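Peer 1: This is upload36.cif, which holds mmCIF, N, CA and C atoms and all ligand atoms:
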data_protein
#
loop_
_atom_site.label_atom_id
_atom_site.label_comp_id
_atom_site.auth_asym_id
_atom_site.auth_seq_id
_atom_site.Cartn_x
_atom_site.Cartn_y
_atom_site.Cartn_z
N MET A 1 157.75 183.96 39.29
CA MET A 1 157.13 183.53 38.04
C MET A 1 156.69 184.72 37.21
N CYS A 2 156.41 184.47 35.96
CA CYS A 2 155.95 185.56 35.11
C CYS A 2 154.59 186.03 35.60
N GLN A 3 154.48 187.33 35.78
CA GLN A 3 153.24 187.90 36.34
C GLN A 3 152.08 187.80 35.35
N ASP A 4 152.41 187.75 34.08
CA ASP A 4 151.37 187.91 33.07
C ASP A 4 150.85 186.60 32.49
N CYS A 5 151.71 185.61 32.44
CA CYS A 5 151.32 184.38 31.76
C CYS A 5 150.63 183.41 32.73
N ASP A 6 149.49 182.93 32.32
CA ASP A 6 148.78 181.90 33.07
C ASP A 6 149.03 180.59 32.32
N TYR A 7 149.92 179.76 32.88
CA TYR A 7 150.36 178.57 32.15
C TYR A 7 149.23 177.57 31.91
N HIS A 8 148.34 177.50 32.87
CA HIS A 8 147.19 176.61 32.69
C HIS A 8 146.36 177.07 31.50
N LYS A 9 146.14 178.37 31.41
CA LYS A 9 145.35 178.92 30.30
C LYS A 9 146.05 178.70 28.97
N ILE A 10 147.38 178.86 28.98
CA ILE A 10 148.15 178.68 27.75
C ILE A 10 148.01 177.25 27.23
N LEU A 11 148.10 176.29 28.17
CA LEU A 11 147.95 174.88 27.77
C LEU A 11 146.55 174.62 27.24
N THR A 12 145.56 175.13 27.95
CA THR A 12 144.17 174.90 27.55
C THR A 12 143.91 175.51 26.17
N ALA A 13 144.43 176.71 25.95
CA ALA A 13 144.21 177.38 24.67
C ALA A 13 144.81 176.58 23.52
N ALA A 14 145.85 175.81 23.80
CA ALA A 14 146.49 175.01 22.76
C ALA A 14 145.82 173.63 22.65
N GLY A 15 144.77 173.43 23.41
CA GLY A 15 144.05 172.16 23.35
C GLY A 15 144.73 171.05 24.15
N LEU A 16 145.58 171.44 25.08
CA LEU A 16 146.29 170.43 25.88
C LEU A 16 145.73 170.38 27.30
N GLU A 17 145.64 169.19 27.80
CA GLU A 17 145.26 169.01 29.18
C GLU A 17 146.41 169.49 30.08
N THR A 18 146.08 170.09 31.19
CA THR A 18 147.12 170.52 32.11
C THR A 18 147.51 169.37 33.03
N THR A 19 148.54 168.64 32.64
CA THR A 19 149.04 167.60 33.54
C THR A 19 150.09 168.23 34.44
N ARG A 20 150.36 167.59 35.55
CA ARG A 20 151.31 168.17 36.49
C ARG A 20 152.69 168.33 35.85
N ASN A 21 153.11 167.32 35.08
CA ASN A 21 154.43 167.40 34.47
C ASN A 21 154.53 168.50 33.41
N ARG A 22 153.50 168.64 32.59
CA ARG A 22 153.51 169.70 31.58
C ARG A 22 153.61 171.06 32.25
N LEU A 23 152.83 171.20 33.31
CA LEU A 23 152.82 172.47 34.02
C LEU A 23 154.19 172.77 34.64
N ARG A 24 154.80 171.74 35.20
CA ARG A 24 156.12 171.95 35.83
C ARG A 24 157.16 172.36 34.79
N VAL A 25 157.14 171.69 33.64
CA VAL A 25 158.11 172.01 32.60
C VAL A 25 157.89 173.45 32.11
N LEU A 26 156.63 173.79 31.89
CA LEU A 26 156.31 175.13 31.39
C LEU A 26 156.67 176.20 32.42
N GLU A 27 156.44 175.91 33.67
CA GLU A 27 156.77 176.87 34.73
C GLU A 27 158.28 177.12 34.79
N VAL A 28 159.04 176.04 34.67
CA VAL A 28 160.51 176.20 34.73
C VAL A 28 160.98 177.08 33.57
N ILE A 29 160.45 176.83 32.38
CA ILE A 29 160.87 177.60 31.21
C ILE A 29 160.39 179.05 31.32
N GLY A 30 159.13 179.23 31.71
CA GLY A 30 158.57 180.57 31.75
C GLY A 30 159.14 181.41 32.88
N ASP A 31 159.40 180.78 34.01
CA ASP A 31 159.82 181.54 35.18
C ASP A 31 161.28 181.96 35.13
N ARG A 32 162.10 181.21 34.42
CA ARG A 32 163.51 181.52 34.40
C ARG A 32 163.80 182.78 33.60
N GLY A 33 163.02 182.99 32.57
CA GLY A 33 163.19 184.24 31.81
C GLY A 33 164.31 184.21 30.79
N VAL A 34 165.13 183.18 30.79
CA VAL A 34 166.12 183.02 29.72
C VAL A 34 165.96 181.60 29.19
N PRO A 35 166.28 181.38 27.93
CA PRO A 35 166.14 180.04 27.37
C PRO A 35 167.08 179.04 28.06
N LEU A 36 166.60 177.84 28.24
CA LEU A 36 167.37 176.79 28.92
C LEU A 36 167.56 175.60 28.00
N SER A 37 168.63 174.87 28.24
CA SER A 37 168.83 173.64 27.49
C SER A 37 167.93 172.55 28.07
N ALA A 38 167.70 171.51 27.29
CA ALA A 38 166.85 170.42 27.76
C ALA A 38 167.42 169.82 29.04
N GLY A 39 168.74 169.71 29.12
CA GLY A 39 169.37 169.17 30.31
C GLY A 39 169.11 170.02 31.55
N ASP A 40 169.20 171.35 31.38
CA ASP A 40 168.91 172.26 32.49
C ASP A 40 167.46 172.13 32.95
N ILE A 41 166.57 172.03 31.97
CA ILE A 41 165.14 171.94 32.30
C ILE A 41 164.89 170.65 33.06
N HIS A 42 165.48 169.56 32.57
CA HIS A 42 165.30 168.28 33.24
C HIS A 42 165.83 168.35 34.67
N ALA A 43 167.00 168.95 34.85
CA ALA A 43 167.61 169.03 36.18
C ALA A 43 166.74 169.88 37.11
N THR A 44 166.22 170.99 36.61
CA THR A 44 165.44 171.89 37.45
C THR A 44 164.10 171.28 37.82
N VAL A 45 163.44 170.69 36.85
CA VAL A 45 162.14 170.06 37.13
C VAL A 45 162.33 168.92 38.12
N GLY A 46 163.42 168.19 37.97
CA GLY A 46 163.65 167.02 38.81
C GLY A 46 164.14 167.35 40.21
N ARG A 47 164.40 168.62 40.47
CA ARG A 47 164.90 169.01 41.78
C ARG A 47 163.87 168.74 42.87
N HIS A 48 162.61 168.94 42.53
CA HIS A 48 161.55 168.76 43.52
C HIS A 48 161.10 167.32 43.61
N ARG A 49 160.92 166.73 42.46
CA ARG A 49 160.47 165.35 42.41
C ARG A 49 161.11 164.72 41.19
N PRO A 50 161.69 163.53 41.35
CA PRO A 50 162.37 162.91 40.20
C PRO A 50 161.43 162.78 39.00
N ILE A 51 161.96 163.03 37.84
CA ILE A 51 161.16 162.88 36.62
C ILE A 51 162.07 162.27 35.55
N ASN A 52 161.48 161.40 34.77
CA ASN A 52 162.21 160.72 33.71
C ASN A 52 162.65 161.72 32.64
N ARG A 53 163.89 161.58 32.19
CA ARG A 53 164.43 162.47 31.16
C ARG A 53 163.59 162.42 29.88
N VAL A 54 163.21 161.20 29.51
CA VAL A 54 162.43 161.02 28.27
C VAL A 54 161.08 161.74 28.37
N THR A 55 160.49 161.70 29.56
CA THR A 55 159.22 162.40 29.78
C THR A 55 159.39 163.89 29.52
N VAL A 56 160.46 164.46 30.05
CA VAL A 56 160.71 165.88 29.86
C VAL A 56 160.92 166.19 28.37
N TYR A 57 161.69 165.37 27.69
CA TYR A 57 161.95 165.60 26.27
C TYR A 57 160.67 165.52 25.45
N ARG A 58 159.80 164.57 25.81
CA ARG A 58 158.54 164.44 25.08
C ARG A 58 157.67 165.68 25.29
N ILE A 59 157.65 166.16 26.51
CA ILE A 59 156.85 167.36 26.81
C ILE A 59 157.42 168.55 26.04
N LEU A 60 158.74 168.65 25.98
CA LEU A 60 159.35 169.76 25.24
C LEU A 60 158.95 169.69 23.76
N ASP A 61 158.98 168.49 23.19
CA ASP A 61 158.57 168.33 21.80
C ASP A 61 157.12 168.76 21.59
N LEU A 62 156.28 168.33 22.51
CA LEU A 62 154.85 168.63 22.41
C LEU A 62 154.60 170.14 22.52
N LEU A 63 155.22 170.76 23.52
CA LEU A 63 155.01 172.20 23.73
C LEU A 63 155.57 173.01 22.57
N ALA A 64 156.67 172.54 21.99
CA ALA A 64 157.25 173.25 20.84
C ALA A 64 156.35 173.09 19.62
N GLU A 65 155.82 171.88 19.46
CA GLU A 65 154.95 171.61 18.33
C GLU A 65 153.69 172.48 18.40
N LYS A 66 153.21 172.71 19.62
CA LYS A 66 151.99 173.52 19.81
C LYS A 66 152.32 175.02 19.89
N ASN A 67 153.59 175.34 19.65
CA ASN A 67 153.98 176.75 19.66
C ASN A 67 153.83 177.46 21.00
N ILE A 68 153.90 176.69 22.07
CA ILE A 68 153.84 177.29 23.40
C ILE A 68 155.25 177.71 23.81
N ILE A 69 156.20 176.87 23.48
CA ILE A 69 157.60 177.24 23.69
C ILE A 69 158.29 177.24 22.32
N GLU A 70 159.41 177.90 22.25
CA GLU A 70 160.14 177.85 20.99
C GLU A 70 161.51 177.21 21.20
N ARG A 71 161.89 176.46 20.18
CA ARG A 71 163.17 175.77 20.20
C ARG A 71 164.18 176.68 19.54
N LEU A 72 165.23 176.98 20.26
CA LEU A 72 166.24 177.88 19.73
C LEU A 72 167.52 177.09 19.54
N SER A 73 168.13 177.28 18.38
CA SER A 73 169.34 176.50 18.15
C SER A 73 170.54 177.25 18.71
N SER A 74 171.45 176.51 19.28
CA SER A 74 172.67 177.11 19.78
C SER A 74 173.80 176.70 18.85
N PHE A 75 174.94 177.29 19.06
CA PHE A 75 176.08 177.06 18.19
C PHE A 75 176.50 175.59 18.22
N LYS A 76 176.65 175.02 19.41
CA LYS A 76 177.10 173.64 19.46
C LYS A 76 176.53 172.84 20.61
N ARG A 77 175.62 173.42 21.40
CA ARG A 77 175.13 172.70 22.56
C ARG A 77 173.69 172.22 22.43
N GLY A 78 173.24 172.02 21.22
CA GLY A 78 171.89 171.52 21.06
C GLY A 78 170.85 172.62 21.24
N SER A 79 169.62 172.21 21.44
CA SER A 79 168.53 173.17 21.48
C SER A 79 168.35 173.79 22.85
N TYR A 80 167.91 175.05 22.84
CA TYR A 80 167.49 175.73 24.05
C TYR A 80 166.00 175.99 23.89
N TYR A 81 165.34 176.15 25.03
CA TYR A 81 163.90 176.35 24.97
C TYR A 81 163.50 177.58 25.76
N GLY A 82 162.66 178.40 25.15
CA GLY A 82 162.12 179.57 25.84
C GLY A 82 160.64 179.67 25.51
N LEU A 83 159.94 180.52 26.23
CA LEU A 83 158.53 180.72 25.91
C LEU A 83 158.41 181.27 24.50
N ALA A 84 157.48 180.76 23.73
CA ALA A 84 157.25 181.30 22.41
C ALA A 84 156.58 182.66 22.56
N PRO A 85 156.74 183.53 21.59
CA PRO A 85 156.05 184.81 21.68
C PRO A 85 154.55 184.57 21.89
N ASN A 86 153.97 185.32 22.80
CA ASN A 86 152.52 185.24 23.02
C ASN A 86 152.02 186.65 23.31
N GLU A 87 150.78 186.76 23.78
CA GLU A 87 150.23 188.11 23.94
C GLU A 87 151.00 188.93 24.97
N ASN A 88 151.74 188.27 25.86
CA ASN A 88 152.52 189.00 26.86
C ASN A 88 153.97 189.20 26.46
N HIS A 89 154.42 188.46 25.48
CA HIS A 89 155.83 188.51 25.11
C HIS A 89 156.00 188.68 23.60
N ALA A 90 156.56 189.82 23.23
CA ALA A 90 156.78 190.08 21.80
C ALA A 90 157.96 189.23 21.31
N PRO A 91 157.96 188.90 20.03
CA PRO A 91 159.12 188.19 19.48
C PRO A 91 160.38 189.02 19.72
N HIS A 92 161.47 188.35 20.04
CA HIS A 92 162.71 189.09 20.32
C HIS A 92 163.91 188.24 19.94
N PRO A 93 165.03 188.89 19.68
CA PRO A 93 166.24 188.13 19.34
C PRO A 93 166.91 187.56 20.60
N HIS A 94 167.80 186.63 20.40
CA HIS A 94 168.52 186.03 21.52
C HIS A 94 170.02 186.18 21.35
N PHE A 95 170.69 186.29 22.47
CA PHE A 95 172.15 186.37 22.44
C PHE A 95 172.71 185.05 22.98
N TYR A 96 173.61 184.47 22.22
CA TYR A 96 174.21 183.21 22.64
C TYR A 96 175.71 183.40 22.85
N CYS A 97 176.19 183.08 24.06
CA CYS A 97 177.61 183.20 24.33
C CYS A 97 178.31 181.94 23.87
N THR A 98 179.22 182.08 22.93
CA THR A 98 179.88 180.91 22.35
C THR A 98 180.92 180.32 23.29
N SER A 99 181.22 181.03 24.38
CA SER A 99 182.21 180.51 25.32
C SER A 99 181.56 179.71 26.44
N CYS A 100 180.57 180.28 27.15
CA CYS A 100 179.97 179.56 28.29
C CYS A 100 178.62 178.92 27.94
N GLY A 101 178.09 179.22 26.76
CA GLY A 101 176.86 178.58 26.35
C GLY A 101 175.60 179.18 26.94
N ARG A 102 175.73 180.34 27.57
CA ARG A 102 174.57 181.00 28.14
C ARG A 102 173.76 181.67 27.03
N MET A 103 172.44 181.55 27.12
CA MET A 103 171.61 182.25 26.16
C MET A 103 170.76 183.27 26.89
N ASP A 104 170.62 184.45 26.33
CA ASP A 104 169.83 185.50 26.94
C ASP A 104 168.79 186.04 25.97
N CYS A 105 167.70 186.51 26.54
CA CYS A 105 166.69 187.18 25.73
C CYS A 105 167.10 188.65 25.58
N LEU A 106 167.05 189.15 24.38
CA LEU A 106 167.28 190.58 24.15
C LEU A 106 165.92 191.25 24.02
N SER A 107 165.90 192.54 24.28
CA SER A 107 164.62 193.22 24.19
C SER A 107 164.18 193.27 22.72
N PRO A 108 162.88 193.28 22.50
CA PRO A 108 162.38 193.29 21.11
C PRO A 108 162.91 194.47 20.32
N GLU A 109 163.18 195.58 21.03
CA GLU A 109 163.62 196.79 20.32
C GLU A 109 165.12 196.75 20.00
N SER A 110 165.87 195.87 20.68
CA SER A 110 167.32 195.93 20.56
C SER A 110 167.80 195.67 19.14
N LEU A 111 167.08 194.83 18.45
CA LEU A 111 167.45 194.52 17.08
C LEU A 111 166.14 194.27 16.34
N ALA A 112 165.64 195.30 15.75
CA ALA A 112 164.33 195.19 15.12
C ALA A 112 164.40 194.31 13.89
N VAL A 113 163.57 193.31 13.86
CA VAL A 113 163.50 192.45 12.69
C VAL A 113 162.07 192.55 12.17
N ASN A 114 161.95 193.15 11.03
CA ASN A 114 160.62 193.30 10.49
C ASN A 114 160.43 192.29 9.36
N SER A 115 159.70 191.24 9.69
CA SER A 115 159.53 190.18 8.69
C SER A 115 158.23 190.36 7.91
N GLU A 116 157.52 191.46 8.18
CA GLU A 116 156.23 191.72 7.52
C GLU A 116 156.34 191.65 6.00
N HIS A 117 157.31 192.38 5.49
CA HIS A 117 157.48 192.43 4.04
C HIS A 117 157.75 191.04 3.47
N LEU A 118 158.64 190.32 4.15
CA LEU A 118 158.98 188.98 3.69
C LEU A 118 157.75 188.06 3.74
N ARG A 119 157.00 188.18 4.83
CA ARG A 119 155.80 187.37 4.96
C ARG A 119 154.81 187.63 3.83
N ASN A 120 154.75 188.88 3.44
CA ASN A 120 153.78 189.24 2.40
C ASN A 120 154.24 188.85 1.01
N THR A 121 155.55 188.73 0.81
CA THR A 121 156.04 188.49 -0.53
C THR A 121 156.59 187.07 -0.73
N PHE A 122 156.91 186.39 0.37
CA PHE A 122 157.47 185.04 0.26
C PHE A 122 156.42 184.10 -0.33
N PRO A 123 156.82 183.31 -1.34
CA PRO A 123 155.83 182.45 -2.01
C PRO A 123 155.33 181.31 -1.12
N GLY A 124 156.07 180.94 -0.11
CA GLY A 124 155.61 179.89 0.80
C GLY A 124 155.03 180.48 2.06
N GLU A 125 155.03 179.71 3.11
CA GLU A 125 154.50 180.22 4.37
C GLU A 125 155.61 180.25 5.42
N ILE A 126 155.79 181.38 6.07
CA ILE A 126 156.82 181.49 7.09
C ILE A 126 156.21 181.17 8.44
N GLU A 127 156.77 180.19 9.12
CA GLU A 127 156.20 179.79 10.41
C GLU A 127 156.82 180.56 11.56
N ARG A 128 158.12 180.69 11.53
CA ARG A 128 158.75 181.47 12.59
C ARG A 128 160.08 182.02 12.12
N VAL A 129 160.48 183.08 12.75
CA VAL A 129 161.75 183.71 12.43
C VAL A 129 162.61 183.65 13.69
N GLU A 130 163.79 183.11 13.56
CA GLU A 130 164.67 183.03 14.72
C GLU A 130 165.88 183.91 14.48
N VAL A 131 166.13 184.81 15.41
CA VAL A 131 167.30 185.66 15.30
C VAL A 131 168.22 185.38 16.46
N ARG A 132 169.42 184.91 16.17
CA ARG A 132 170.39 184.61 17.23
C ARG A 132 171.65 185.42 16.99
N VAL A 133 172.02 186.15 18.01
CA VAL A 133 173.25 186.94 17.95
C VAL A 133 174.29 186.17 18.76
N GLU A 134 175.47 186.00 18.21
CA GLU A 134 176.50 185.24 18.92
C GLU A 134 177.67 186.11 19.31
N GLY A 135 178.32 185.78 20.40
CA GLY A 135 179.50 186.52 20.82
C GLY A 135 179.90 186.08 22.21
N LEU A 136 180.55 186.98 22.95
CA LEU A 136 180.95 186.67 24.32
C LEU A 136 180.08 187.48 25.27
N CYS A 137 179.56 186.82 26.31
CA CYS A 137 178.78 187.54 27.31
C CYS A 137 179.73 188.39 28.15
N LYS A 138 179.17 189.25 29.00
CA LYS A 138 180.07 190.19 29.70
C LYS A 138 180.98 189.47 30.70
N ASN A 139 180.52 188.38 31.27
CA ASN A 139 181.39 187.63 32.20
C ASN A 139 182.57 187.01 31.47
N CYS A 140 182.30 186.40 30.34
CA CYS A 140 183.38 185.77 29.58
C CYS A 140 184.34 186.82 29.04
N LEU A 141 183.79 187.97 28.69
CA LEU A 141 184.64 189.03 28.17
C LEU A 141 185.59 189.53 29.26
N LYS A 142 185.05 189.62 30.49
CA LYS A 142 185.86 190.05 31.62
C LYS A 142 187.01 189.08 31.86
N GLN A 143 186.69 187.79 31.84
CA GLN A 143 187.71 186.76 32.07
C GLN A 143 188.79 186.80 31.01
N LYS A 144 188.36 187.05 29.80
CA LYS A 144 189.28 187.05 28.69
C LYS A 144 190.28 188.21 28.85
N SER A 145 189.76 189.35 29.30
CA SER A 145 190.64 190.52 29.40
C SER A 145 191.59 190.37 30.58
N ARG A 146 191.22 189.50 31.55
CA ARG A 146 192.09 189.27 32.71
C ARG A 146 193.25 188.36 32.37
N SER A 147 193.01 187.39 31.53
CA SER A 147 194.05 186.39 31.25
C SER A 147 195.06 186.91 30.22
ZN ZN B 201 154.91 185.64 30.66
ZN ZN B 202 179.76 183.62 28.44
ZN ZN B 203 163.68 184.89 24.77
#
Can you dump the structure from the file as structure tokens?

Peer 2:
Amino acid sequence: MCQDCDYHKILTAAGLETTRNRLRVLEVIGDRGVPLSAGDIHATVGRHRPINRVTVYRILDLLAEKNIIERLSSFKRGSYYGLAPNENHAPHPHFYCTSCGRMDCLSPESLAVNSEHLRNTFPGEIERVEVRVEGLCKNCLKQKSRS
């Protein structure tokens, strides 16, 4: 699990009660370290104890709404979910493999996005900035060069 994030504290800080299901969903997302699709999250959470798909989706909506997790759009496989930036995790771009659908977190320094200027000059309010880089992951690239 992530050494730095206390999921119970994160839920409490957002004004949410720590229910067992919320905690399980948050743990799966936080501990994996890469964004997961809703289906993956449901499958992983349900590995230990069966859980209703709708329950998981509702929790994902709630956690995203409270900015605990962030919803990342993929090219064609629906939303992926990762921990939202918090005091332990700086905002960072994501890499999405258009062949296998894997999403990875890139380091914050890998592609610096400075939205400060935009935030200061944009006439509305910017809630979040999502940066997604698309291409082939190294496994897919290897397979491609073999065939
Ligand atoms: Zn963490
Ligand atoms: Zn791939
Ligand atoms: Zn990430």

Peer 1: Quick one: residues within 6 Å of Tyr96 in chain A, only C-alpha atoms, excluding same-chain residues fewer than 5 positions away - as a list in words?

Peer 2: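 Once the adjacent positions are removed, what remains is Arg102, Met103 and Glu134 of chain A.
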
Peer 1: Using all atoms listed in the file, which of A:Leu72, A:Leu83, A:Ala43, A:Ala112 sits nearest ligand ZN 201 (chain B)?

Peer 2: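 Looking only at the distances to ligand ZN 201 (chain B), the closest residue turns out to be A:Leu83.
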
Peer 1: With only N, CA and C atoms and all ligand atoms counted, collect every polymer residue having an atom within 6 Å of ligand ZN 202 (chain B); state the result as a ChimeraX atom specification.

Peer 2: /A:97-102,136-141

Peer 1: Using backbone DSSP assignments, extract all strand (DSSP E or B) residues from range 78-123 of chain A; output them as number ranges by chain.

Peer 2: A: 79-83, 86, 89, 94-97, 103-105

Peer 1: With N, CA and C atoms kept, could you save the residues just selected as a PDB file, keeping the file's coordinate frame?

Peer 2:
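Writing the result to part.pdb gives the following:
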ATOM      1  N   SER A  79     169.620 172.210  21.440  1.00  0.00           N
ATOM      2  CA  SER A  79     168.530 173.170  21.480  1.00  0.00           C
ATOM      3  C   SER A  79     168.350 173.790  22.850  1.00  0.00           C
ATOM      4  N   TYR A  80     167.910 175.050  22.840  1.00  0.00           N
ATOM      5  CA  TYR A  80     167.490 175.730  24.050  1.00  0.00           C
ATOM      6  C   TYR A  80     166.000 175.990  23.890  1.00  0.00           C
ATOM      7  N   TYR A  81     165.340 176.150  25.030  1.00  0.00           N
ATOM      8  CA  TYR A  81     163.900 176.350  24.970  1.00  0.00           C
ATOM      9  C   TYR A  81     163.500 177.580  25.760  1.00  0.00           C
ATOM     10  N   GLY A  82     162.660 178.400  25.150  1.00  0.00           N
ATOM     11  CA  GLY A  82     162.120 179.570  25.840  1.00  0.00           C
ATOM     12  C   GLY A  82     160.640 179.670  25.510  1.00  0.00           C
ATOM     13  N   LEU A  83     159.940 180.520  26.230  1.00  0.00           N
ATOM     14  CA  LEU A  83     158.530 180.720  25.910  1.00  0.00           C
ATOM     15  C   LEU A  83     158.410 181.270  24.500  1.00  0.00           C
ATOM     16  N   ASN A  86     153.970 185.320  22.800  1.00  0.00           N
ATOM     17  CA  ASN A  86     152.520 185.240  23.020  1.00  0.00           C
ATOM     18  C   ASN A  86     152.020 186.650  23.310  1.00  0.00           C
ATOM     19  N   HIS A  89     154.420 188.460  25.480  1.00  0.00           N
ATOM     20  CA  HIS A  89     155.830 188.510  25.110  1.00  0.00           C
ATOM     21  C   HIS A  89     156.000 188.680  23.600  1.00  0.00           C
ATOM     22  N   HIS A  94     167.800 186.630  20.400  1.00  0.00           N
ATOM     23  CA  HIS A  94     168.520 186.030  21.520  1.00  0.00           C
ATOM     24  C   HIS A  94     170.020 186.180  21.350  1.00  0.00           C
ATOM     25  N   PHE A  95     170.690 186.290  22.470  1.00  0.00           N
ATOM     26  CA  PHE A  95     172.150 186.370  22.440  1.00  0.00           C
ATOM     27  C   PHE A  95     172.710 185.050  22.980  1.00  0.00           C
ATOM     28  N   TYR A  96     173.610 184.470  22.220  1.00  0.00           N
ATOM     29  CA  TYR A  96     174.210 183.210  22.640  1.00  0.00           C
ATOM     30  C   TYR A  96     175.710 183.400  22.850  1.00  0.00           C
ATOM     31  N   CYS A  97     176.190 183.080  24.060  1.00  0.00           N
ATOM     32  CA  CYS A  97     177.610 183.200  24.330  1.00  0.00           C
ATOM     33  C   CYS A  97     178.310 181.940  23.870  1.00  0.00           C
ATOM     34  N   MET A 103     172.440 181.550  27.120  1.00  0.00           N
ATOM     35  CA  MET A 103     171.610 182.250  26.160  1.00  0.00           C
ATOM     36  C   MET A 103     170.760 183.270  26.890  1.00  0.00           C
ATOM     37  N   ASP A 104     170.620 184.450  26.330  1.00  0.00           N
ATOM     38  CA  ASP A 104     169.830 185.500  26.940  1.00  0.00           C
ATOM     39  C   ASP A 104     168.790 186.040  25.970  1.00  0.00           C
ATOM     40  N   CYS A 105     167.700 186.510  26.540  1.00  0.00           N
ATOM     41  CA  CYS A 105     166.690 187.180  25.730  1.00  0.00           C
ATOM     42  C   CYS A 105     167.100 188.650  25.580  1.00  0.00           C
TER      43      CYS A 105
END

Peer 1: Looking at only C-alpha atoms, which of A:Ile59, A:Val133, A:Val45, A:Val25 is the one that sits closest to Asp104 in chain A?

Peer 2: A:Val133

Peer 1: I'd like to know which of A:His8, A:Asn86, A:Thr44, A:Asn114 is closest to ligand ZN 201 (chain B), using only C-alpha atoms and all ligand atoms.

Peer 2: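 Of A:His8, A:Asn86, A:Thr44, A:Asn114, the one nearest ligand ZN 201 (chain B) is A:Asn86, counting only C-alpha atoms and all ligand atoms.
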
Peer 1: Between CA of Asn21 in chain A and CA of Val131 in chain A, what is the distance, to one decimal in Å?

Peer 2: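 Result for CA of Asn21 in chain A versus CA of Val131 in chain A: 29.4 Å, one decimal.
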
Peer 1: Can you tell me how far atom C of Val54 in chain A sits from CA of Asp4 in chain A, in Å to one decimal?

Peer 2: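 So the two atoms, atom C of Val54 in chain A and CA of Asp4 in chain A, lie 28.3 Å apart.
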
Peer 1: Extract range 111-116 of chain A from the preceding block and save all heavy atoms as an mmCIF file, in the first residue's frame.

Peer 2:
data_model
loop_
_atom_site.group_PDB
_atom_site.id
_atom_site.type_symbol
_atom_site.label_atom_id
_atom_site.label_comp_id
_atom_site.auth_asym_id
_atom_site.auth_seq_id
_atom_site.Cartn_x
_atom_site.Cartn_y
_atom_site.Cartn_z
ATOM 1 N N LEU A 111 6.696 15.648 -17.912
ATOM 2 C CA LEU A 111 6.073 16.561 -18.863
ATOM 3 C C LEU A 111 5.483 17.686 -18.023
ATOM 4 O O LEU A 111 4.382 17.571 -17.515
ATOM 5 C CB LEU A 111 4.980 15.835 -19.662
ATOM 6 C CG LEU A 111 4.235 16.628 -20.716
ATOM 7 C CD1 LEU A 111 5.161 17.026 -21.853
ATOM 8 C CD2 LEU A 111 3.074 15.814 -21.277
ATOM 9 N N ALA A 112 6.246 18.712 -17.856
ATOM 10 C CA ALA A 112 5.814 19.785 -16.972
ATOM 11 C C ALA A 112 4.644 20.540 -17.584
ATOM 12 O O ALA A 112 4.713 20.973 -18.731
ATOM 13 C CB ALA A 112 6.977 20.724 -16.699
ATOM 14 N N VAL A 113 3.581 20.635 -16.840
ATOM 15 C CA VAL A 113 2.440 21.408 -17.291
ATOM 16 C C VAL A 113 2.220 22.497 -16.256
ATOM 17 O O VAL A 113 1.891 22.220 -15.116
ATOM 18 C CB VAL A 113 1.171 20.539 -17.391
ATOM 19 C CG1 VAL A 113 -0.007 21.391 -17.816
ATOM 20 C CG2 VAL A 113 1.392 19.404 -18.378
ATOM 21 N N ASN A 114 2.477 23.695 -16.672
ATOM 22 C CA ASN A 114 2.308 24.784 -15.732
ATOM 23 C C ASN A 114 1.014 25.524 -16.058
ATOM 24 O O ASN A 114 0.931 26.269 -17.025
ATOM 25 C CB ASN A 114 3.511 25.730 -15.809
ATOM 26 C CG ASN A 114 3.475 26.750 -14.692
ATOM 27 O OD1 ASN A 114 2.441 26.925 -14.056
ATOM 28 N ND2 ASN A 114 4.586 27.427 -14.467
ATOM 29 N N SER A 115 0.012 25.257 -15.243
ATOM 30 C CA SER A 115 -1.289 25.865 -15.525
ATOM 31 C C SER A 115 -1.482 27.151 -14.721
ATOM 32 O O SER A 115 -2.541 27.760 -14.758
ATOM 33 C CB SER A 115 -2.405 24.870 -15.220
ATOM 34 O OG SER A 115 -2.352 24.483 -13.865
ATOM 35 N N GLU A 116 -0.443 27.554 -13.985
ATOM 36 C CA GLU A 116 -0.532 28.749 -13.136
ATOM 37 C C GLU A 116 -0.998 29.976 -13.928
ATOM 38 O O GLU A 116 -1.942 30.651 -13.543
ATOM 39 C CB GLU A 116 0.862 29.041 -12.550
ATOM 40 C CG GLU A 116 1.005 29.117 -11.045
ATOM 41 C CD GLU A 116 -0.215 28.849 -10.201
ATOM 42 O OE1 GLU A 116 -0.631 27.687 -10.016
ATOM 43 O OE2 GLU A 116 -0.762 29.843 -9.713
#
